[in-house]
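Note: the block below is final.cif and it holds mmCIF, C-alpha atoms and all ligand atoms.
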data_query
#
loop_
_atom_site.label_atom_id
_atom_site.label_comp_id
_atom_site.auth_asym_id
_atom_site.auth_seq_id
_atom_site.Cartn_x
_atom_site.Cartn_y
_atom_site.Cartn_z
CA MET A 1 0.69 -19.32 17.07
CA VAL A 2 1.60 -21.15 13.87
CA ARG A 3 -2.05 -21.08 12.80
CA TYR A 4 -2.11 -17.31 13.37
CA MET A 5 0.88 -16.79 11.05
CA GLU A 6 -0.76 -19.03 8.43
CA GLN A 7 -3.84 -16.82 8.48
CA LEU A 8 -1.76 -13.69 8.00
CA ASP A 9 0.14 -15.41 5.20
CA GLU A 10 -3.11 -16.42 3.46
CA MET A 11 -4.58 -12.94 3.77
CA LEU A 12 -1.49 -11.15 2.45
CA LYS A 13 -1.31 -13.62 -0.43
CA LEU A 14 -4.96 -12.85 -1.28
CA PHE A 15 -4.48 -9.08 -1.24
CA SER A 16 -1.06 -9.05 -2.92
CA ASN A 17 -2.18 -11.24 -5.82
CA ALA A 18 -5.31 -9.12 -6.35
CA HIS A 19 -5.16 -6.19 -8.77
CA GLY A 20 -6.23 -2.57 -8.39
CA VAL A 21 -4.33 0.45 -9.66
CA SER A 22 -5.11 4.00 -8.54
CA GLY A 23 -8.67 4.91 -9.49
CA TYR A 24 -9.64 1.26 -10.04
CA GLU A 25 -9.62 -0.16 -6.51
CA GLY A 26 -13.04 -1.87 -6.75
CA ASN A 27 -11.67 -5.44 -6.48
CA ILE A 28 -9.70 -4.59 -3.38
CA GLY A 29 -12.67 -2.79 -1.83
CA GLN A 30 -14.79 -5.93 -2.33
CA LEU A 31 -12.20 -8.15 -0.64
CA LEU A 32 -11.68 -5.69 2.17
CA LYS A 33 -15.40 -5.34 2.78
CA GLU A 34 -15.71 -9.13 3.24
CA LYS A 35 -12.81 -9.18 5.69
CA LEU A 36 -13.97 -6.21 7.79
CA LYS A 37 -17.71 -6.94 7.89
CA PRO A 38 -17.62 -9.29 10.91
CA TYR A 39 -15.83 -6.69 13.05
CA VAL A 40 -17.86 -3.53 12.39
CA ASP A 41 -21.40 -2.16 12.54
CA GLU A 42 -21.52 -0.63 9.10
CA VAL A 43 -19.57 -0.74 5.83
CA ARG A 44 -20.07 1.66 2.97
CA THR A 45 -18.28 3.03 -0.07
CA ASP A 46 -18.11 6.79 -0.50
CA LYS A 47 -18.39 8.74 -3.75
CA LEU A 48 -14.66 8.58 -4.46
CA GLY A 49 -14.52 4.82 -3.84
CA ASN A 50 -13.08 4.76 -0.32
CA LEU A 51 -14.23 1.71 1.65
CA ILE A 52 -15.38 2.92 5.07
CA ALA A 53 -16.02 0.43 7.89
CA ILE A 54 -17.40 1.87 11.11
CA ARG A 55 -17.37 0.44 14.61
CA LYS A 56 -19.34 2.90 16.81
CA ARG A 57 -18.39 2.92 20.50
CA GLY A 58 -18.57 6.51 21.77
CA TYR A 59 -15.69 8.96 22.19
CA PRO A 60 -12.90 9.37 21.07
CA SER A 61 -12.86 8.23 17.44
CA VAL A 62 -9.81 6.84 15.65
CA MET A 63 -9.47 6.67 11.89
CA ILE A 64 -7.22 3.86 10.67
CA ALA A 65 -6.39 4.26 6.99
CA ALA A 66 -4.64 1.96 4.53
CA HIS A 67 -4.58 2.65 0.82
CA MET A 68 -6.08 0.09 -1.51
CA ASP A 69 -4.40 1.22 -4.74
CA GLU A 70 -1.17 -0.13 -6.19
CA ILE A 71 1.19 1.54 -8.62
CA GLY A 72 0.55 0.37 -12.18
CA LEU A 73 0.25 1.43 -15.78
CA MET A 74 -2.47 2.53 -18.17
CA CYS A 75 -2.81 2.06 -21.91
CA LYS A 76 -2.25 5.40 -23.66
CA TYR A 77 -2.56 4.25 -27.25
CA VAL A 78 -1.98 1.22 -29.47
CA ASP A 79 0.24 1.73 -32.51
CA GLU A 80 -0.42 0.37 -36.04
CA LYS A 81 1.58 -2.77 -35.30
CA GLY A 82 -0.47 -3.53 -32.20
CA PHE A 83 2.11 -2.53 -29.58
CA VAL A 84 0.66 -0.89 -26.49
CA HIS A 85 2.14 2.38 -25.26
CA PHE A 86 1.46 3.29 -21.67
CA VAL A 87 1.59 5.94 -18.94
CA LYS A 88 2.83 5.19 -15.43
CA LEU A 89 0.40 5.44 -12.52
CA GLY A 90 2.46 6.18 -9.42
CA GLY A 91 6.16 6.28 -8.63
CA TRP A 92 7.88 3.67 -10.76
CA PHE A 93 11.63 3.40 -11.06
CA ASP A 94 11.75 2.87 -14.83
CA GLN A 95 14.32 0.09 -14.75
CA THR A 96 11.95 -1.99 -12.63
CA LEU A 97 9.52 -2.18 -15.55
CA HIS A 98 12.01 -3.51 -18.10
CA SER A 99 11.22 -7.11 -19.19
CA GLN A 100 8.27 -7.58 -16.84
CA ARG A 101 5.22 -9.66 -17.65
CA VAL A 102 2.01 -7.70 -17.15
CA ILE A 103 -1.75 -8.22 -16.99
CA LEU A 104 -4.07 -5.91 -18.93
CA HIS A 105 -7.48 -5.63 -17.33
CA THR A 106 -9.80 -5.26 -20.33
CA GLU A 107 -13.59 -5.17 -20.46
CA ASN A 108 -13.46 -8.69 -21.97
CA GLY A 109 -11.29 -9.99 -19.13
CA ASP A 110 -7.61 -10.14 -18.21
CA ILE A 111 -4.95 -10.77 -20.84
CA TYR A 112 -1.19 -11.10 -20.60
CA GLY A 113 1.45 -8.90 -22.11
CA VAL A 114 5.20 -8.40 -21.83
CA ILE A 115 7.09 -5.14 -21.56
CA GLY A 116 9.45 -5.02 -24.48
CA ALA A 117 12.35 -2.72 -25.34
CA LYS A 118 15.31 -2.59 -27.70
CA PRO A 119 17.44 -5.74 -27.18
CA PRO A 120 21.06 -5.32 -26.04
CA HIS A 121 22.23 -6.96 -29.28
CA ALA A 122 21.00 -3.94 -31.21
CA MET A 123 22.62 -1.44 -28.84
CA LYS A 124 25.91 0.36 -29.20
CA GLU A 125 28.36 -0.18 -26.31
CA GLU A 126 27.61 3.30 -24.90
CA GLU A 127 23.85 2.65 -25.00
CA LYS A 128 24.21 -0.54 -22.98
CA LYS A 129 25.60 1.42 -20.06
CA LYS A 130 22.56 3.67 -19.84
CA PRO A 131 19.25 2.88 -18.16
CA VAL A 132 16.27 2.41 -20.48
CA ASN A 133 13.47 4.92 -19.96
CA ALA A 134 9.88 3.73 -19.62
CA ASP A 135 9.21 6.01 -22.55
CA ASP A 136 11.22 3.64 -24.75
CA MET A 137 9.30 0.59 -23.55
CA PHE A 138 6.00 -0.79 -24.88
CA ILE A 139 3.75 -3.75 -24.24
CA ASP A 140 3.54 -6.71 -26.58
CA ILE A 141 0.18 -8.50 -26.26
CA GLY A 142 0.64 -10.70 -29.32
CA ALA A 143 -1.59 -8.49 -31.46
CA LYS A 144 -0.89 -8.25 -35.21
CA ASN A 145 -2.10 -4.67 -35.55
CA ASN A 146 -4.22 -2.10 -33.73
CA THR A 147 -7.60 -3.48 -34.85
CA ASP A 148 -6.48 -6.87 -33.57
CA ALA A 149 -5.54 -5.27 -30.23
CA GLU A 150 -8.91 -3.54 -30.09
CA LYS A 151 -10.64 -6.89 -30.63
CA MET A 152 -8.69 -8.16 -27.65
CA GLY A 153 -10.21 -5.33 -25.62
CA VAL A 154 -7.09 -3.19 -25.44
CA VAL A 155 -8.09 0.46 -25.84
CA PRO A 156 -6.86 3.67 -24.17
CA GLY A 157 -7.71 3.64 -20.46
CA VAL A 158 -7.20 -0.10 -19.91
CA THR A 159 -5.36 -0.56 -16.62
CA ILE A 160 -2.26 -2.70 -16.37
CA THR A 161 -0.58 -4.38 -13.40
CA LEU A 162 2.51 -6.51 -12.99
CA ASP A 163 2.05 -10.27 -13.13
CA ARG A 164 3.80 -11.47 -10.00
CA GLN A 165 2.59 -14.09 -7.55
CA TYR A 166 3.15 -14.08 -3.82
CA ALA A 167 5.81 -16.46 -2.46
CA SER A 168 7.42 -17.37 0.87
CA LEU A 169 11.09 -16.81 1.63
CA GLY A 170 12.90 -17.90 4.82
CA ASN A 171 12.01 -16.92 8.40
CA ASN A 172 8.40 -15.73 7.94
CA ARG A 173 9.59 -13.36 5.24
CA VAL A 174 7.47 -13.21 2.13
CA THR A 175 7.68 -11.53 -1.27
CA GLY A 176 5.12 -10.23 -3.72
CA LYS A 177 3.82 -7.20 -5.55
CA CYS A 178 2.21 -4.16 -3.95
CA PHE A 179 2.84 -4.95 -0.29
CA ASP A 180 2.65 -1.15 -0.49
CA ASP A 181 0.03 -1.03 0.73
CA ARG A 182 -1.68 -4.41 0.82
CA ALA A 183 0.49 -5.36 3.81
CA GLY A 184 -0.91 -2.21 5.46
CA ILE A 185 -4.44 -3.35 4.50
CA VAL A 186 -3.80 -6.74 6.14
CA MET A 187 -2.37 -5.09 9.26
CA MET A 188 -5.53 -2.94 9.51
CA VAL A 189 -7.84 -5.98 9.13
CA GLU A 190 -5.89 -7.88 11.80
CA ALA A 191 -6.09 -4.89 14.14
CA MET A 192 -9.86 -4.72 13.61
CA ARG A 193 -10.16 -8.43 14.42
CA LEU A 194 -8.28 -7.88 17.70
CA ILE A 195 -10.34 -4.77 18.54
CA HIS A 196 -13.53 -6.76 17.95
CA GLU A 197 -12.42 -9.83 19.92
CA ARG A 198 -11.21 -7.76 22.86
CA LYS A 199 -14.40 -5.68 22.80
CA ILE A 200 -12.37 -2.47 22.87
CA GLU A 201 -14.46 0.63 23.62
CA ALA A 202 -13.56 3.35 21.12
CA THR A 203 -15.12 4.38 17.84
CA VAL A 204 -13.01 3.18 14.93
CA PHE A 205 -13.26 4.12 11.27
CA ALA A 206 -11.27 1.56 9.24
CA VAL A 207 -10.80 3.10 5.81
CA GLY A 208 -9.44 1.55 2.64
CA THR A 209 -8.45 4.71 0.77
CA VAL A 210 -8.21 5.23 -2.98
CA GLN A 211 -5.59 6.99 -5.13
CA GLU A 212 -2.86 7.38 -2.51
CA GLU A 213 -0.09 6.69 -5.00
CA VAL A 214 -1.19 9.57 -7.23
CA GLY A 215 -1.68 12.31 -4.62
CA LEU A 216 -3.23 11.07 -1.33
CA LYS A 217 -6.67 11.75 -2.72
CA GLY A 218 -9.06 9.34 -1.01
CA ALA A 219 -7.56 10.02 2.41
CA ARG A 220 -8.38 13.71 2.05
CA THR A 221 -12.09 13.26 1.30
CA SER A 222 -12.70 10.35 3.70
CA ALA A 223 -11.02 12.15 6.62
CA PHE A 224 -13.09 15.24 5.85
CA GLY A 225 -16.30 13.22 5.89
CA LEU A 226 -15.47 11.27 9.07
CA ASN A 227 -13.70 14.03 10.99
CA PRO A 228 -12.05 11.66 13.52
CA ASN A 229 -10.40 12.85 16.76
CA VAL A 230 -7.13 11.19 15.78
CA SER A 231 -5.75 9.13 12.89
CA LEU A 232 -3.26 6.31 12.36
CA VAL A 233 -2.18 5.29 8.89
CA SER A 234 -1.30 1.64 8.28
CA GLU A 235 1.58 1.55 5.80
CA VAL A 236 4.94 0.15 4.76
CA THR A 237 8.24 2.00 5.05
CA VAL A 238 11.67 1.68 3.46
CA ALA A 239 13.96 -0.81 5.18
CA GLY A 240 17.63 0.12 5.00
CA ASP A 241 19.09 -3.23 6.00
CA HIS A 242 20.33 -4.68 2.73
CA PRO A 243 23.31 -4.08 0.42
CA GLY A 244 23.26 -0.82 -1.50
CA ILE A 245 21.67 1.34 1.18
CA GLU A 246 23.25 2.85 4.26
CA LYS A 247 21.74 3.21 7.70
CA LYS A 248 21.93 6.98 7.41
CA HIS A 249 19.49 6.69 4.47
CA SER A 250 17.12 4.43 6.39
CA ALA A 251 17.79 3.03 9.84
CA ILE A 252 14.68 0.82 9.72
CA GLU A 253 15.25 -2.94 9.68
CA LEU A 254 13.13 -5.96 8.86
CA SER A 255 11.99 -8.17 11.78
CA LYS A 256 12.48 -5.47 14.41
CA GLY A 257 8.83 -4.53 14.71
CA PRO A 258 6.63 -1.83 13.21
CA ALA A 259 7.97 1.69 12.69
CA ILE A 260 6.28 4.80 14.02
CA THR A 261 6.66 7.82 11.77
CA ILE A 262 8.09 10.86 13.54
CA LEU A 263 8.59 12.75 10.30
CA ASP A 264 8.59 12.01 6.58
CA ALA A 265 9.67 13.74 3.37
CA GLY A 266 12.11 15.73 5.50
CA GLY A 267 9.16 17.38 7.29
CA ARG A 268 7.46 18.55 4.10
CA GLY A 269 5.03 15.62 4.29
CA LEU A 270 4.14 14.81 7.87
CA ILE A 271 5.57 15.97 11.15
CA ALA A 272 3.68 13.61 13.42
CA ASN A 273 1.72 15.16 16.26
CA GLU A 274 3.77 14.96 19.48
CA ASN A 275 0.87 13.60 21.53
CA VAL A 276 0.25 10.86 18.98
CA VAL A 277 3.90 9.81 19.09
CA LYS A 278 3.85 9.84 22.90
CA TRP A 279 0.66 7.77 22.93
CA LEU A 280 2.15 5.17 20.55
CA LYS A 281 5.48 4.97 22.40
CA GLU A 282 3.78 4.55 25.78
CA THR A 283 1.40 1.92 24.41
CA ALA A 284 4.26 -0.05 22.84
CA LYS A 285 6.14 0.06 26.14
CA GLU A 286 3.13 -0.96 28.23
CA TYR A 287 2.37 -3.98 26.02
CA ASP A 288 5.99 -4.87 25.32
CA ILE A 289 5.80 -4.42 21.53
CA ASP A 290 9.09 -3.80 19.68
CA ILE A 291 8.96 -0.57 17.68
CA GLN A 292 11.32 1.47 15.54
CA LEU A 293 11.25 5.22 15.07
CA ASP A 294 11.11 6.43 11.49
CA VAL A 295 12.57 9.77 10.50
CA ALA A 296 12.39 9.67 6.72
CA GLU A 297 13.61 11.99 4.01
CA GLY A 298 11.78 10.60 1.00
CA GLY A 299 8.20 9.50 0.46
CA THR A 300 5.02 10.31 2.29
CA THR A 301 1.67 8.76 3.15
CA ASP A 302 -2.05 9.37 3.55
CA ALA A 303 -1.29 10.89 6.97
CA THR A 304 0.00 13.98 5.19
CA ALA A 305 -3.46 14.61 3.71
CA ILE A 306 -5.36 13.53 6.81
CA HIS A 307 -3.51 15.73 9.32
CA LEU A 308 -4.34 18.84 7.31
CA THR A 309 -8.04 18.10 7.09
CA LYS A 310 -10.63 20.43 8.62
CA CYS A 311 -9.04 22.11 11.67
CA GLY A 312 -6.22 19.54 11.75
CA ILE A 313 -6.35 15.88 12.80
CA PRO A 314 -3.49 14.62 15.01
CA SER A 315 -1.91 11.79 13.01
CA SER A 316 0.97 9.41 12.63
CA VAL A 317 1.83 6.26 10.69
CA ILE A 318 2.47 2.70 11.83
CA SER A 319 4.55 1.02 9.14
CA ILE A 320 5.78 -2.43 8.29
CA PRO A 321 9.44 -2.34 7.22
CA SER A 322 9.64 -3.37 3.56
CA ARG A 323 12.58 -4.01 1.25
CA TYR A 324 12.52 -3.05 -2.46
CA ILE A 325 9.46 -0.81 -2.18
CA HIS A 326 7.69 0.02 -5.47
CA SER A 327 8.99 -3.12 -7.14
CA PRO A 328 7.14 -6.40 -7.79
CA VAL A 329 9.46 -8.17 -5.34
CA GLU A 330 8.79 -6.28 -2.12
CA VAL A 331 9.78 -8.25 1.00
CA VAL A 332 8.23 -8.03 4.46
CA ASP A 333 8.36 -10.14 7.63
CA LEU A 334 4.93 -11.43 8.70
CA GLU A 335 6.04 -11.06 12.33
CA ASP A 336 6.27 -7.29 11.77
CA VAL A 337 2.72 -7.31 10.36
CA LYS A 338 1.53 -9.19 13.44
CA LYS A 339 3.29 -6.81 15.84
CA GLY A 340 1.99 -3.80 13.94
CA ALA A 341 -1.59 -5.07 14.20
CA GLU A 342 -1.10 -5.59 17.93
CA LEU A 343 0.21 -2.02 18.29
CA LEU A 344 -2.74 -0.60 16.32
CA ALA A 345 -5.26 -2.53 18.45
CA ARG A 346 -3.57 -1.60 21.72
CA ALA A 347 -3.40 2.04 20.62
CA VAL A 348 -7.15 2.05 20.05
CA GLU A 349 -7.55 0.46 23.49
CA THR A 350 -5.56 3.25 25.18
CA VAL A 351 -6.65 6.22 23.05
CA GLY A 352 -9.09 7.50 25.69
CA ARG A 353 -6.17 8.25 28.05
CA HIS A 354 -4.54 10.57 25.53
CA PHE A 355 -7.32 12.20 23.50
ZN ZN B 401 1.92 3.24 0.41
#
Using structure tokens, write down the structure from this file.
Amino acid sequence: MVRYMEQLDEMLKLFSNAHGVSGYEGNIGQLLKEKLKPYVDEVRTDKLGNLIAIRKRGYPSVMIAAHMDEIGLMCKYVDEKGFVHFVKLGGWFDQTLHSQRVILHTENGDIYGVIGAKPPHAMKEEEKKKPVNADDMFIDIGAKNNTDAEKMGVVPGVTITLDRQYASLGNNRVTGKCFDDRAGIVMMVEAMRLIHERKIEATVFAVGTVQEEVGLKGARTSAFGLNPNVSLVSEVTVAGDHPGIEKKHSAIELSKGPAITILDAGGRGLIANENVVKWLKETAKEYDIDIQLDVAEGGTTDATAIHLTKCGIPSSVISIPSRYIHSPVEVVDLEDVKKGAELLARAVETVGRHF
């Protein structure tokens, strides 16, 4: 059992410390391909960059999707003094970016930078009370001017991620960047390992999707190409169990098992198919897996794109509760990842009874 948790810990560390913003998920696709290869018959990358691993075992077919991209930044231009101005890729809360150390992924290799802004010493009292907009931040890479920055490989289009290493907290809880959705990636890999080891008879498409954070793009094209009978998205969801958030805003808690999405974005994103929810609830009950039911007002996932593909694909989401989502210090419980993988694998095992 301890060994099992160590493996999950190692894998999440690997994926969390790796870098890949929306549109530049190649590194993650490479890692994911290596992990999935032993459990599937075929792995390929489609034209948009989605990593598609196929385990063919007759009818019905289940698509499991986890997005490979992380929210990040991109160099917009470098000013005369060599400071890098950037655009945000994905849903950042601007204050999260203030004073972070970043990595710029240039053609010549990775270099460090820091996100700078006006120091409080130079602010008027009123200014200090206000949040600083990302627009008023810039990246200092140590360049003396823009030609110097160019020599360092920093030109418009260079992608930028936060420099934050994975670390363990107490009670199997861990922290790192982009657990959204690398924890979902790990849960999908673990599920595929279980499906393989248990020789489960159902066709599974395990898909690492691209560009989720900027409009659920890869999910749309990969689901169209695969046209599965049913789909489950492997994700993280907002935990509401810490100071500053009330249960009525999120009733999901860490360490209480994976959450099944009933509805997200107040119904404007996904209203999960009733039969899918029934299937997941019954499976959890049969195999004694703790679950939570997620009715969410904000945020959405790849399932929103998938369920509207072709003539409609019944879908829901299995999520790992995560604190501080879209920050570099997201926190999850590895036990929840383990339980979520078990639920995904058992769901694939029982899918033939429901679809
Ligand atoms: Zn996500």
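Using only C-alpha atoms and all ligand atoms, residues with at least one atom at most 6 Å away from any atom of ligand ZN 401 (chain B) are Asp180, Asp181 and Glu235 of chain A.
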Compile the contact shell of Ala18 of chain A as an mmCIF file with C-alpha atoms, keeping the file's coordinate frame: residues with an atom at most 10 Å away, counting all atoms listed in the file, same-chain residues fewer than 4 positions apart removed.
data_model
loop_
_atom_site.group_PDB
_atom_site.id
_atom_site.type_symbol
_atom_site.label_atom_id
_atom_site.label_comp_id
_atom_site.auth_asym_id
_atom_site.auth_seq_id
_atom_site.Cartn_x
_atom_site.Cartn_y
_atom_site.Cartn_z
ATOM 1 C CA LEU A 12 -1.490 -11.150 2.450
ATOM 2 C CA LYS A 13 -1.310 -13.620 -0.430
ATOM 3 C CA LEU A 14 -4.960 -12.850 -1.280
ATOM 4 C CA GLU A 25 -9.620 -0.160 -6.510
ATOM 5 C CA ASN A 27 -11.670 -5.440 -6.480
ATOM 6 C CA ILE A 28 -9.700 -4.590 -3.380
ATOM 7 C CA LEU A 31 -12.200 -8.150 -0.640
ATOM 8 C CA GLU A 70 -1.170 -0.130 -6.190
ATOM 9 C CA THR A 161 -0.580 -4.380 -13.400
ATOM 10 C CA GLN A 165 2.590 -14.090 -7.550
ATOM 11 C CA LYS A 177 3.820 -7.200 -5.550
ATOM 12 C CA CYS A 178 2.210 -4.160 -3.950
ATOM 13 C CA ARG A 182 -1.680 -4.410 0.820
#
Report as number ranges by chain all protein, DNA and RNA residues lying within 8 Å of His249 of chain A, evaluated on only C-alpha atoms, omitting residues in the same chain fewer than 2 positions from it. A: 240, 245-247, 251, 297
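Computed from the coordinates, the atom CA of Ala347 of chain A to atom CA of Tyr39 of chain A distance equals 17.0 Å.
For segment 48-57 of chain A, the residues within 7 Å (counting only C-alpha atoms, excluding itself and residues fewer than 3 positions away along the chain) are Gly29, Leu36, Val40, Asp41, Glu42, Val43, Arg44, Thr45, Glu201, Ala202, Thr203, Val204, Phe205, Ala206, Val207, Gly208, Thr209, Val210, Gly218 and Ser222 of chain A.
You can rank A:Gln7, A:Asn17, A:Thr283, A:Thr304 by their closest distance to Ala167 of chain A using only C-alpha atoms, and at the top of that list sits A:Asn17.
Atom CA of Tyr324 of chain A is positioned 12.4 Å from atom CA of Glu253 of chain A.
Distance annotation: of A:Gly352, A:Gly299, A:Gly340, A:Gly26, the residue with the minimal separation from Leu194 of chain A is A:Gly340; atom set is all atoms listed in the file.
Coordinates place atom CA of Phe86 of chain A at a distance of 8.7 Å from atom CA of Pro156 of chain A.
Shortest atom-to-atom contact with Val230 of chain A among A:Val317, A:Ile325, A:Leu169, A:Val331: A:Val317, counting only C-alpha atoms.
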Would you pick out the contacts of segment 254-256 of chain A at 6 Å or less, using only C-alpha atoms, so that residues sharing its chain but fewer than 5 positions from it are not included, and give the list as a PyMOL selection string? chain A and resi 321+333+336
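Remark: for Ile289 of chain A, the closest of the candidate residues A:Val174, A:Ile160, A:Ala134, A:Ala259 is A:Ala259 (distances computed over only C-alpha atoms).
Each of A:Ile141, A:Val348, A:Leu334, A:Leu8 was compared to Asn171 of chain A using only C-alpha atoms, and A:Leu334 turns out to be the nearest.
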